[in-house]
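File shown: start04.pdb. Contents: PDB, C-alpha atoms, pLDDT in the B column.
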```pdb
ATOM      1  CA  MET C1351      -1.191 -28.088  34.359  1.00 43.00           C
ATOM      2  CA  ALA C1352      -0.161 -31.628  33.687  1.00 46.00           C
ATOM      3  CA  SER C1353       3.409 -31.934  32.477  1.00 67.00           C
ATOM      4  CA  ALA C1354       2.156 -34.197  29.662  1.00 67.00           C
ATOM      5  CA  LYS C1355       0.449 -31.179  28.067  1.00 66.00           C
ATOM      6  CA  VAL C1356       3.627 -29.101  28.316  1.00 69.00           C
ATOM      7  CA  LYS C1357       5.591 -31.982  26.781  1.00 76.00           C
ATOM      8  CA  ASP C1358       3.044 -32.343  23.951  1.00 76.00           C
ATOM      9  CA  ILE C1359       3.140 -28.622  23.163  1.00 78.00           C
ATOM     10  CA  ARG C1360       6.957 -28.592  23.375  1.00 74.00           C
ATOM     11  CA  GLU C1361       7.074 -31.450  20.850  1.00 78.00           C
ATOM     12  CA  GLN C1362       4.674 -29.662  18.524  1.00 76.00           C
ATOM     13  CA  ILE C1363       6.605 -26.380  18.567  1.00 76.00           C
ATOM     14  CA  GLN C1364       9.906 -28.191  17.969  1.00 73.00           C
ATOM     15  CA  GLY C1365      12.005 -26.018  20.272  1.00 71.00           C
ATOM     16  CA  ASP C1366      11.161 -22.784  18.498  1.00 70.00           C
ATOM     17  CA  ASP C1367      11.408 -19.765  20.763  1.00 82.00           C
ATOM     18  CA  SER C1368       9.302 -17.263  18.799  1.00 89.00           C
ATOM     19  CA  ILE C1369       5.852 -18.345  17.633  1.00 91.00           C
ATOM     20  CA  ILE C1370       4.163 -15.907  15.249  1.00 92.00           C
ATOM     21  CA  ILE C1371       0.496 -16.372  14.342  1.00 94.00           C
ATOM     22  CA  ASP C1372      -1.955 -14.729  11.960  1.00 92.00           C
ATOM     23  CA  THR C1373      -5.726 -14.369  11.769  1.00 90.00           C
ATOM     24  CA  SER C1374      -6.152 -17.351   9.459  1.00 92.00           C
ATOM     25  CA  ALA C1375      -4.606 -19.599  12.115  1.00 95.00           C
ATOM     26  CA  ILE C1376      -6.476 -17.959  14.979  1.00 95.00           C
ATOM     27  CA  MET C1377      -9.820 -18.570  13.272  1.00 93.00           C
ATOM     28  CA  ALA C1378      -9.039 -22.038  11.865  1.00 94.00           C
ATOM     29  CA  GLU C1379     -10.987 -25.110  12.836  1.00 94.00           C
ATOM     30  CA  GLY C1380      -9.176 -26.667  15.800  1.00 95.00           C
ATOM     31  CA  ALA C1381      -7.283 -23.451  16.620  1.00 95.00           C
ATOM     32  CA  ASP C1382      -9.057 -23.031  19.942  1.00 94.00           C
ATOM     33  CA  ILE C1383      -7.804 -26.470  21.016  1.00 93.00           C
ATOM     34  CA  PHE C1384      -4.176 -25.848  20.041  1.00 93.00           C
ATOM     35  CA  PHE C1385      -3.907 -22.239  21.216  1.00 93.00           C
ATOM     36  CA  SER C1386      -5.704 -22.869  24.515  1.00 92.00           C
ATOM     37  CA  GLN C1387      -3.158 -25.595  25.260  1.00 91.00           C
ATOM     38  CA  LEU C1388      -0.272 -23.391  24.094  1.00 91.00           C
ATOM     39  CA  VAL C1389      -1.318 -20.435  26.260  1.00 92.00           C
ATOM     40  CA  GLU C1390      -1.750 -22.771  29.232  1.00 89.00           C
ATOM     41  CA  ALA C1391       1.691 -24.313  28.622  1.00 88.00           C
ATOM     42  CA  LEU C1392       3.598 -21.050  27.970  1.00 88.00           C
ATOM     43  CA  PRO C1393       4.632 -20.441  31.599  1.00 86.00           C
ATOM     44  CA  GLY C1394       6.363 -23.839  31.546  1.00 83.00           C
ATOM     45  CA  LEU C1395       8.123 -23.148  28.252  1.00 82.00           C
ATOM     46  CA  LYS C1396      11.086 -21.026  29.250  1.00 80.00           C
ATOM     47  CA  ASP C1397      12.340 -18.635  26.552  1.00 83.00           C
ATOM     48  CA  THR C1398       9.316 -19.233  24.317  1.00 88.00           C
ATOM     49  CA  TYR C1399       7.213 -16.267  23.213  1.00 91.00           C
ATOM     50  CA  LEU C1400       3.897 -16.084  21.396  1.00 93.00           C
ATOM     51  CA  ILE C1401       3.743 -13.106  19.006  1.00 92.00           C
ATOM     52  CA  ILE C1402       0.286 -11.899  17.954  1.00 93.00           C
ATOM     53  CA  PRO C1403      -0.359  -9.017  15.534  1.00 92.00           C
ATOM     54  CA  GLN C1404      -2.701  -6.405  16.983  1.00 91.00           C
ATOM     55  CA  GLU C1405      -4.486  -6.442  13.631  1.00 90.00           C
ATOM     56  CA  ALA C1406      -5.381 -10.116  14.152  1.00 91.00           C
ATOM     57  CA  ILE C1407      -6.930  -9.356  17.531  1.00 92.00           C
ATOM     58  CA  GLU C1408      -8.945  -6.528  15.966  1.00 91.00           C
ATOM     59  CA  LYS C1409     -10.178  -8.840  13.190  1.00 92.00           C
ATOM     60  CA  VAL C1410     -11.305 -11.440  15.727  1.00 95.00           C
ATOM     61  CA  ASN C1411     -13.133  -8.765  17.726  1.00 94.00           C
ATOM     62  CA  ALA C1412     -14.855  -7.520  14.572  1.00 94.00           C
ATOM     63  CA  ARG C1413     -15.931 -11.051  13.647  1.00 95.00           C
ATOM     64  CA  LEU C1414     -17.633 -11.482  17.021  1.00 95.00           C
ATOM     65  CA  GLU C1415     -20.422  -9.352  15.527  1.00 94.00           C
ATOM     66  CA  SER C1416     -20.663 -11.373  12.305  1.00 95.00           C
ATOM     67  CA  LYS C1417     -24.120 -12.278  11.052  1.00 96.00           C
ATOM     68  CA  ASN C1418     -22.661 -15.623  10.007  1.00 95.00           C
ATOM     69  CA  ALA C1419     -23.187 -17.854  13.048  1.00 95.00           C
ATOM     70  CA  ARG C1420     -20.199 -20.066  12.264  1.00 94.00           C
ATOM     71  CA  THR C1421     -17.835 -17.069  11.940  1.00 94.00           C
ATOM     72  CA  ALA C1422     -19.146 -15.515  15.160  1.00 96.00           C
ATOM     73  CA  ALA C1423     -18.785 -18.828  17.018  1.00 95.00           C
ATOM     74  CA  SER C1424     -15.220 -19.279  15.748  1.00 94.00           C
ATOM     75  CA  ALA C1425     -14.385 -15.720  16.800  1.00 95.00           C
ATOM     76  CA  ALA C1426     -15.872 -16.332  20.260  1.00 96.00           C
ATOM     77  CA  LYS C1427     -13.670 -19.409  20.739  1.00 95.00           C
ATOM     78  CA  ALA C1428     -10.633 -17.390  19.635  1.00 95.00           C
ATOM     79  CA  ALA C1429     -11.534 -14.446  21.873  1.00 95.00           C
ATOM     80  CA  GLU C1430     -11.591 -16.716  24.919  1.00 94.00           C
ATOM     81  CA  TRP C1431      -7.990 -17.914  24.625  1.00 94.00           C
ATOM     82  CA  LEU C1432      -6.834 -14.563  23.202  1.00 94.00           C
ATOM     83  CA  GLN C1433      -7.950 -12.841  26.405  1.00 93.00           C
ATOM     84  CA  LYS C1434      -5.806 -15.249  28.417  1.00 92.00           C
ATOM     85  CA  ALA C1435      -2.897 -14.542  26.057  1.00 93.00           C
ATOM     86  CA  VAL C1436      -3.328 -10.762  26.354  1.00 91.00           C
ATOM     87  CA  ASP C1437      -3.236 -11.152  30.143  1.00 89.00           C
ATOM     88  CA  MET C1438       0.250 -12.672  29.689  1.00 89.00           C
ATOM     89  CA  THR C1439       1.696  -9.535  28.046  1.00 87.00           C
ATOM     90  CA  GLU C1440       2.605  -7.866  31.331  1.00 82.00           C
ATOM     91  CA  GLY C1441       4.881  -8.548  34.287  1.00 78.00           C
ATOM     92  CA  LYS C1442       8.424  -9.773  34.454  1.00 76.00           C
ATOM     93  CA  ASP C1443       7.494 -13.248  33.222  1.00 74.00           C
ATOM     94  CA  TYR C1444       5.519 -12.156  30.179  1.00 85.00           C
ATOM     95  CA  ARG C1445       5.207 -14.790  27.441  1.00 86.00           C
ATOM     96  CA  VAL C1446       3.060 -12.976  24.864  1.00 92.00           C
ATOM     97  CA  ILE C1447       4.007 -10.014  22.679  1.00 90.00           C
ATOM     98  CA  ILE C1448       1.453  -7.958  20.744  1.00 91.00           C
ATOM     99  CA  VAL C1449       2.951  -6.293  17.639  1.00 90.00           C
ATOM    100  CA  GLY C1450       1.690  -3.826  15.047  1.00 84.00           C
ATOM    101  CA  ALA C1451      -0.998  -1.191  15.162  1.00 69.00           C
ATOM    102  CA  ALA C1452      -4.745  -1.610  15.426  1.00 57.00           C
ATOM    103  CA  GLU C1453      -5.551   0.993  12.775  1.00 60.00           C
ATOM    104  CA  GLY C1454      -4.115   1.334   9.307  1.00 56.00           C
ATOM    105  CA  ALA C1455      -1.671  -1.549   9.597  1.00 59.00           C
ATOM    106  CA  PHE C1456      -1.412  -4.459   7.228  1.00 74.00           C
ATOM    107  CA  GLU C1457      -1.249  -7.764   9.092  1.00 79.00           C
ATOM    108  CA  ASP C1458       0.792  -9.617   6.458  1.00 84.00           C
ATOM    109  CA  LYS C1459       3.445  -6.907   6.503  1.00 86.00           C
ATOM    110  CA  THR C1460       3.568  -6.955  10.314  1.00 87.00           C
ATOM    111  CA  ILE C1461       4.081 -10.714  10.296  1.00 88.00           C
ATOM    112  CA  LEU C1462       6.741 -10.673   7.588  1.00 87.00           C
ATOM    113  CA  ASN C1463       8.565  -7.824   9.358  1.00 87.00           C
ATOM    114  CA  GLN C1464       8.617  -9.887  12.570  1.00 89.00           C
ATOM    115  CA  VAL C1465       9.883 -12.962  10.721  1.00 88.00           C
ATOM    116  CA  SER C1466      12.630 -10.923   9.063  1.00 86.00           C
ATOM    117  CA  PHE C1467      13.603  -9.153  12.294  1.00 86.00           C
ATOM    118  CA  LEU C1468      13.681 -12.247  14.511  1.00 87.00           C
ATOM    119  CA  MET C1469      15.122 -14.726  12.032  1.00 85.00           C
ATOM    120  CA  SER C1470      18.736 -13.710  12.544  1.00 82.00           C
ATOM    121  CA  ASN C1471      18.926 -14.995  16.134  1.00 84.00           C
ATOM    122  CA  HIS C1472      15.733 -16.904  16.924  1.00 84.00           C
ATOM    123  CA  ASN C1473      14.146 -20.157  15.879  1.00 85.00           C
ATOM    124  CA  ILE C1474      10.768 -19.090  14.545  1.00 89.00           C
ATOM    125  CA  MET C1475       7.541 -20.924  14.021  1.00 90.00           C
ATOM    126  CA  LEU C1476       5.026 -19.200  11.783  1.00 93.00           C
ATOM    127  CA  ILE C1477       1.528 -20.616  12.227  1.00 94.00           C
ATOM    128  CA  THR C1478      -0.782 -19.699   9.359  1.00 94.00           C
ATOM    129  CA  GLN C1479      -3.361 -21.357   7.147  1.00 95.00           C
ATOM    130  CA  ASP C1480      -2.182 -19.099   4.292  1.00 93.00           C
ATOM    131  CA  ARG C1481       0.168 -20.981   1.946  1.00 91.00           C
ATOM    132  CA  ARG C1482       1.094 -17.756   0.159  1.00 91.00           C
ATOM    133  CA  MET C1483       2.178 -16.203   3.467  1.00 91.00           C
ATOM    134  CA  THR C1484       4.277 -19.291   4.130  1.00 91.00           C
ATOM    135  CA  LEU C1485       6.044 -19.005   0.797  1.00 90.00           C
ATOM    136  CA  ARG C1486       6.685 -15.284   1.309  1.00 90.00           C
ATOM    137  CA  ALA C1487       8.146 -15.914   4.770  1.00 90.00           C
ATOM    138  CA  ARG C1488      10.338 -18.710   3.461  1.00 88.00           C
ATOM    139  CA  GLU C1489      11.680 -16.407   0.737  1.00 87.00           C
ATOM    140  CA  LEU C1490      13.083 -14.201   3.516  1.00 85.00           C
ATOM    141  CA  ARG C1491      15.289 -17.040   4.774  1.00 76.00           C
ATOM    142  CA  ASP C1492      18.959 -16.621   3.864  1.00 73.00           C
ATOM    143  CA  PRO C1493      21.249 -19.122   5.661  1.00 67.00           C
ATOM    144  CA  SER C1494      24.300 -16.927   5.001  1.00 68.00           C
ATOM    145  CA  ILE C1495      22.659 -14.234   7.150  1.00 67.00           C
ATOM    146  CA  GLN C1496      20.578 -16.247   9.629  1.00 65.00           C
ATOM    147  CA  GLY C1497      23.095 -18.993  10.265  1.00 69.00           C
ATOM    148  CA  ASP C1498      21.642 -21.911  12.202  1.00 73.00           C
ATOM    149  CA  SER C1499      18.359 -20.184  13.114  1.00 76.00           C
ATOM    150  CA  LYS C1500      15.367 -22.092  11.811  1.00 82.00           C
ATOM    151  CA  LEU C1501      12.028 -21.093  10.317  1.00 85.00           C
ATOM    152  CA  HIS C1502       9.216 -23.632  10.619  1.00 87.00           C
ATOM    153  CA  CYS C1503       5.959 -22.849   8.845  1.00 89.00           C
ATOM    154  CA  CYS C1504       2.958 -24.764  10.152  1.00 92.00           C
ATOM    155  CA  TYR C1505      -0.800 -24.880   9.870  1.00 95.00           C
ATOM    156  CA  ILE C1506      -3.458 -26.107  12.260  1.00 95.00           C
ATOM    157  CA  ARG C1507      -5.330 -29.291  11.486  1.00 94.00           C
ATOM    158  CA  PRO C1508      -9.029 -29.586  12.428  1.00 95.00           C
ATOM    159  CA  GLU C1509      -8.236 -31.784  15.441  1.00 95.00           C
ATOM    160  CA  GLY C1510      -6.098 -28.994  16.934  1.00 93.00           C
ATOM    161  CA  ARG C1511      -2.589 -30.223  16.080  1.00 91.00           C
ATOM    162  CA  LEU C1512       0.134 -28.630  13.999  1.00 90.00           C
ATOM    163  CA  SER C1513       1.402 -29.851  10.648  1.00 88.00           C
ATOM    164  CA  LEU C1514       4.501 -28.619   8.875  1.00 87.00           C
ATOM    165  CA  TYR C1515       3.987 -27.169   5.402  1.00 87.00           C
ATOM    166  CA  GLN C1516       5.600 -29.283   2.712  1.00 79.00           C
ATOM    167  CA  PHE C1517       6.045 -28.113  -0.881  1.00 69.00           C
ATOM    168  CA  PRO C1518       7.233 -30.060  -3.946  1.00 68.00           C
ATOM    169  CA  THR C1519      10.366 -27.882  -4.097  1.00 63.00           C
ATOM    170  CA  ASP C1520      11.367 -28.860  -0.524  1.00 61.00           C
ATOM    171  CA  ASN C1521      13.039 -32.029  -1.788  1.00 54.00           C
ATOM    172  CA  THR C1522      15.279 -30.065  -4.150  1.00 44.00           C
ATOM    173  CA  ARG C1523      16.774 -27.775  -1.488  1.00 45.00           C
TER     174      ARG C1523
END
```
Give the structure from the file, written as structure tokens.
Amino acid sequence: MASAKVKDIREQIQGDDSIIIDTSAIMAEGADIFFSQLVEALPGLKDTYLIIPQEAIEKVNARLESKNARTAASAAKAAEWLQKAVDMTEGKDYRVIIVGAAEGAFEDKTILNQVSFLMSNHNIMLITQDRRMTLRARELRDPSIQGDSKLHCCYIRPEGRLSLYQFPTDNTR
């Protein structure tokens, strides 16, 4: 792997050590570009972990069988890099953590639980295309409890790069 790719990914993730993703991000246009590069760069990003809800993996697998060609193609792209990520869940140098349960779990709750749990001592990046999820995660942030730990909420642009969510109320904080 070229160090330029690691540097580019490091710049995009802004030093966050826990990256949490949801299905909307996994299936977004350009997601295969970003996540393929992230998974490839993870071994070079010490102390950085990618956290994927099991429910998101199950949704991608289910969408592989979609009758909608575009949905099935998007799921196939996601499944390719997801398999590489799943392979990184084992061994002493694991970089990927799968959370939640495949059956009966609610992905949003799994994600928000992870944000809440990790926020006290980790810099977190939540990658989602869901603005409502972003707002709910941001509501969990309490500087008096989390101290200097940061929460960055991003979405994936069609060209495969991250953008930080910005809301009108951000200027008043």
Just how far from CA of Arg1445 (chain C) is CA of Asp1366 (chain C), in Å to one decimal? 13.4 Å
Name the residues that the PyMOL selection byres ((chain C and resi 1378-1386) around 8) picks from the file above, as number ranges by chain, using the file's chain letters and numbers. C: 1374-1377, 1387-1390, 1424, 1427-1428, 1431, 1479, 1506-1512
Closest to Asn1463 (chain C) among C:Arg1481, C:Leu1490, C:Thr1421, C:Asp1498, using only C-alpha atoms?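 Comparing C:Arg1481, C:Leu1490, C:Thr1421, C:Asp1498 against Asn1463 (chain C), the winner is C:Leu1490.
If you look at CA of Asn1411 (chain C) and CA of Val1446 (chain C), they are 18.2 Å away from each other.
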So the first atom is CA of Asp1480 (chain C) and the second is CA of Glu1457 (chain C); what is the distance between them in Å, to one decimal place?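 CA of Asp1480 (chain C) sits 12.3 Å away from CA of Glu1457 (chain C).
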Which residue gives the smallest distance to Met1475 (chain C) among C:Ser1368, C:Gln1362, C:Thr1373, C:Asn1418, with all atoms listed in the file counted? C:Ser1368
So, with all atoms listed in the file as the atoms that count, which of C:Ala1391, C:Met1483, C:Ala1435, C:Ile1370 lies closest to Lys1357 (chain C)?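 Result for the nearest residue to Lys1357 (chain C): C:Ala1391.
The smallest atom-to-atom distance between Phe1456 (chain C) and any of C:Arg1360, C:Ala1406, C:Leu1392, C:Tyr1399, using all atoms listed in the file, is found for C:Ala1406.
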Which residue of C:Gln1404, C:Asn1473, C:Thr1398, C:Ser1513 approaches Asp1443 (chain C) most closely, using all atoms listed in the file: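 Among the listed residues, C:Thr1398 lies closest to Asp1443 (chain C).
Counting all atoms listed in the file, Ala1425 (chain C) has the following residues at most 6 Å away, ignoring those fewer than 2 positions along the same chain: Val1410, Arg1413, Leu1414, Ala1422, Ala1423, Lys1427, Ala1428 and Ala1429 of chain C.
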Using only C-alpha atoms, please write the residues we just selected to a file, as a tab-separated table (two decimals), in the coordinates of the input.
```
chain	number	residue	atom	x	y	z
C	1410	VAL	CA	-11.30	-11.44	15.73
C	1413	ARG	CA	-15.93	-11.05	13.65
C	1414	LEU	CA	-17.63	-11.48	17.02
C	1422	ALA	CA	-19.15	-15.52	15.16
C	1423	ALA	CA	-18.78	-18.83	17.02
C	1427	LYS	CA	-13.67	-19.41	20.74
C	1428	ALA	CA	-10.63	-17.39	19.64
C	1429	ALA	CA	-11.53	-14.45	21.87
```
Taking only C-alpha atoms into account, which of C:Val1465, C:Glu1361, C:Leu1514, C:Leu1476 comes nearest Asp1492 (chain C)? C:Val1465
Box centre and edge lengths (Å, one decimal), axis-aligned, region 1438-1441 of chain C plus 6 Å each side, as AutoDock Vina command-line options:
```
--center_x 2.6 --center_y -10.3 --center_z 31.2 --size_x 16.6 --size_y 16.8 --size_z 18.2
```
Set the distance at 9 Å and use only C-alpha atoms: which residues neighbour Val1449 (chain C) once local chain neighbours fewer than 5 positions away are removed? I'd like the list as a compact mmCIF listing (two decimals) with C-alpha atoms, in the frame of the given file.
```txt
# COMPACT_ATOMS: atom_id res chain seq x y z
CA ILE C 1401 3.74 -13.11 19.01
CA ILE C 1402 0.29 -11.90 17.95
CA PRO C 1403 -0.36 -9.02 15.53
CA GLN C 1404 -2.70 -6.40 16.98
CA GLU C 1405 -4.49 -6.44 13.63
CA THR C 1460 3.57 -6.96 10.31
CA ILE C 1461 4.08 -10.71 10.30
CA GLN C 1464 8.62 -9.89 12.57
```
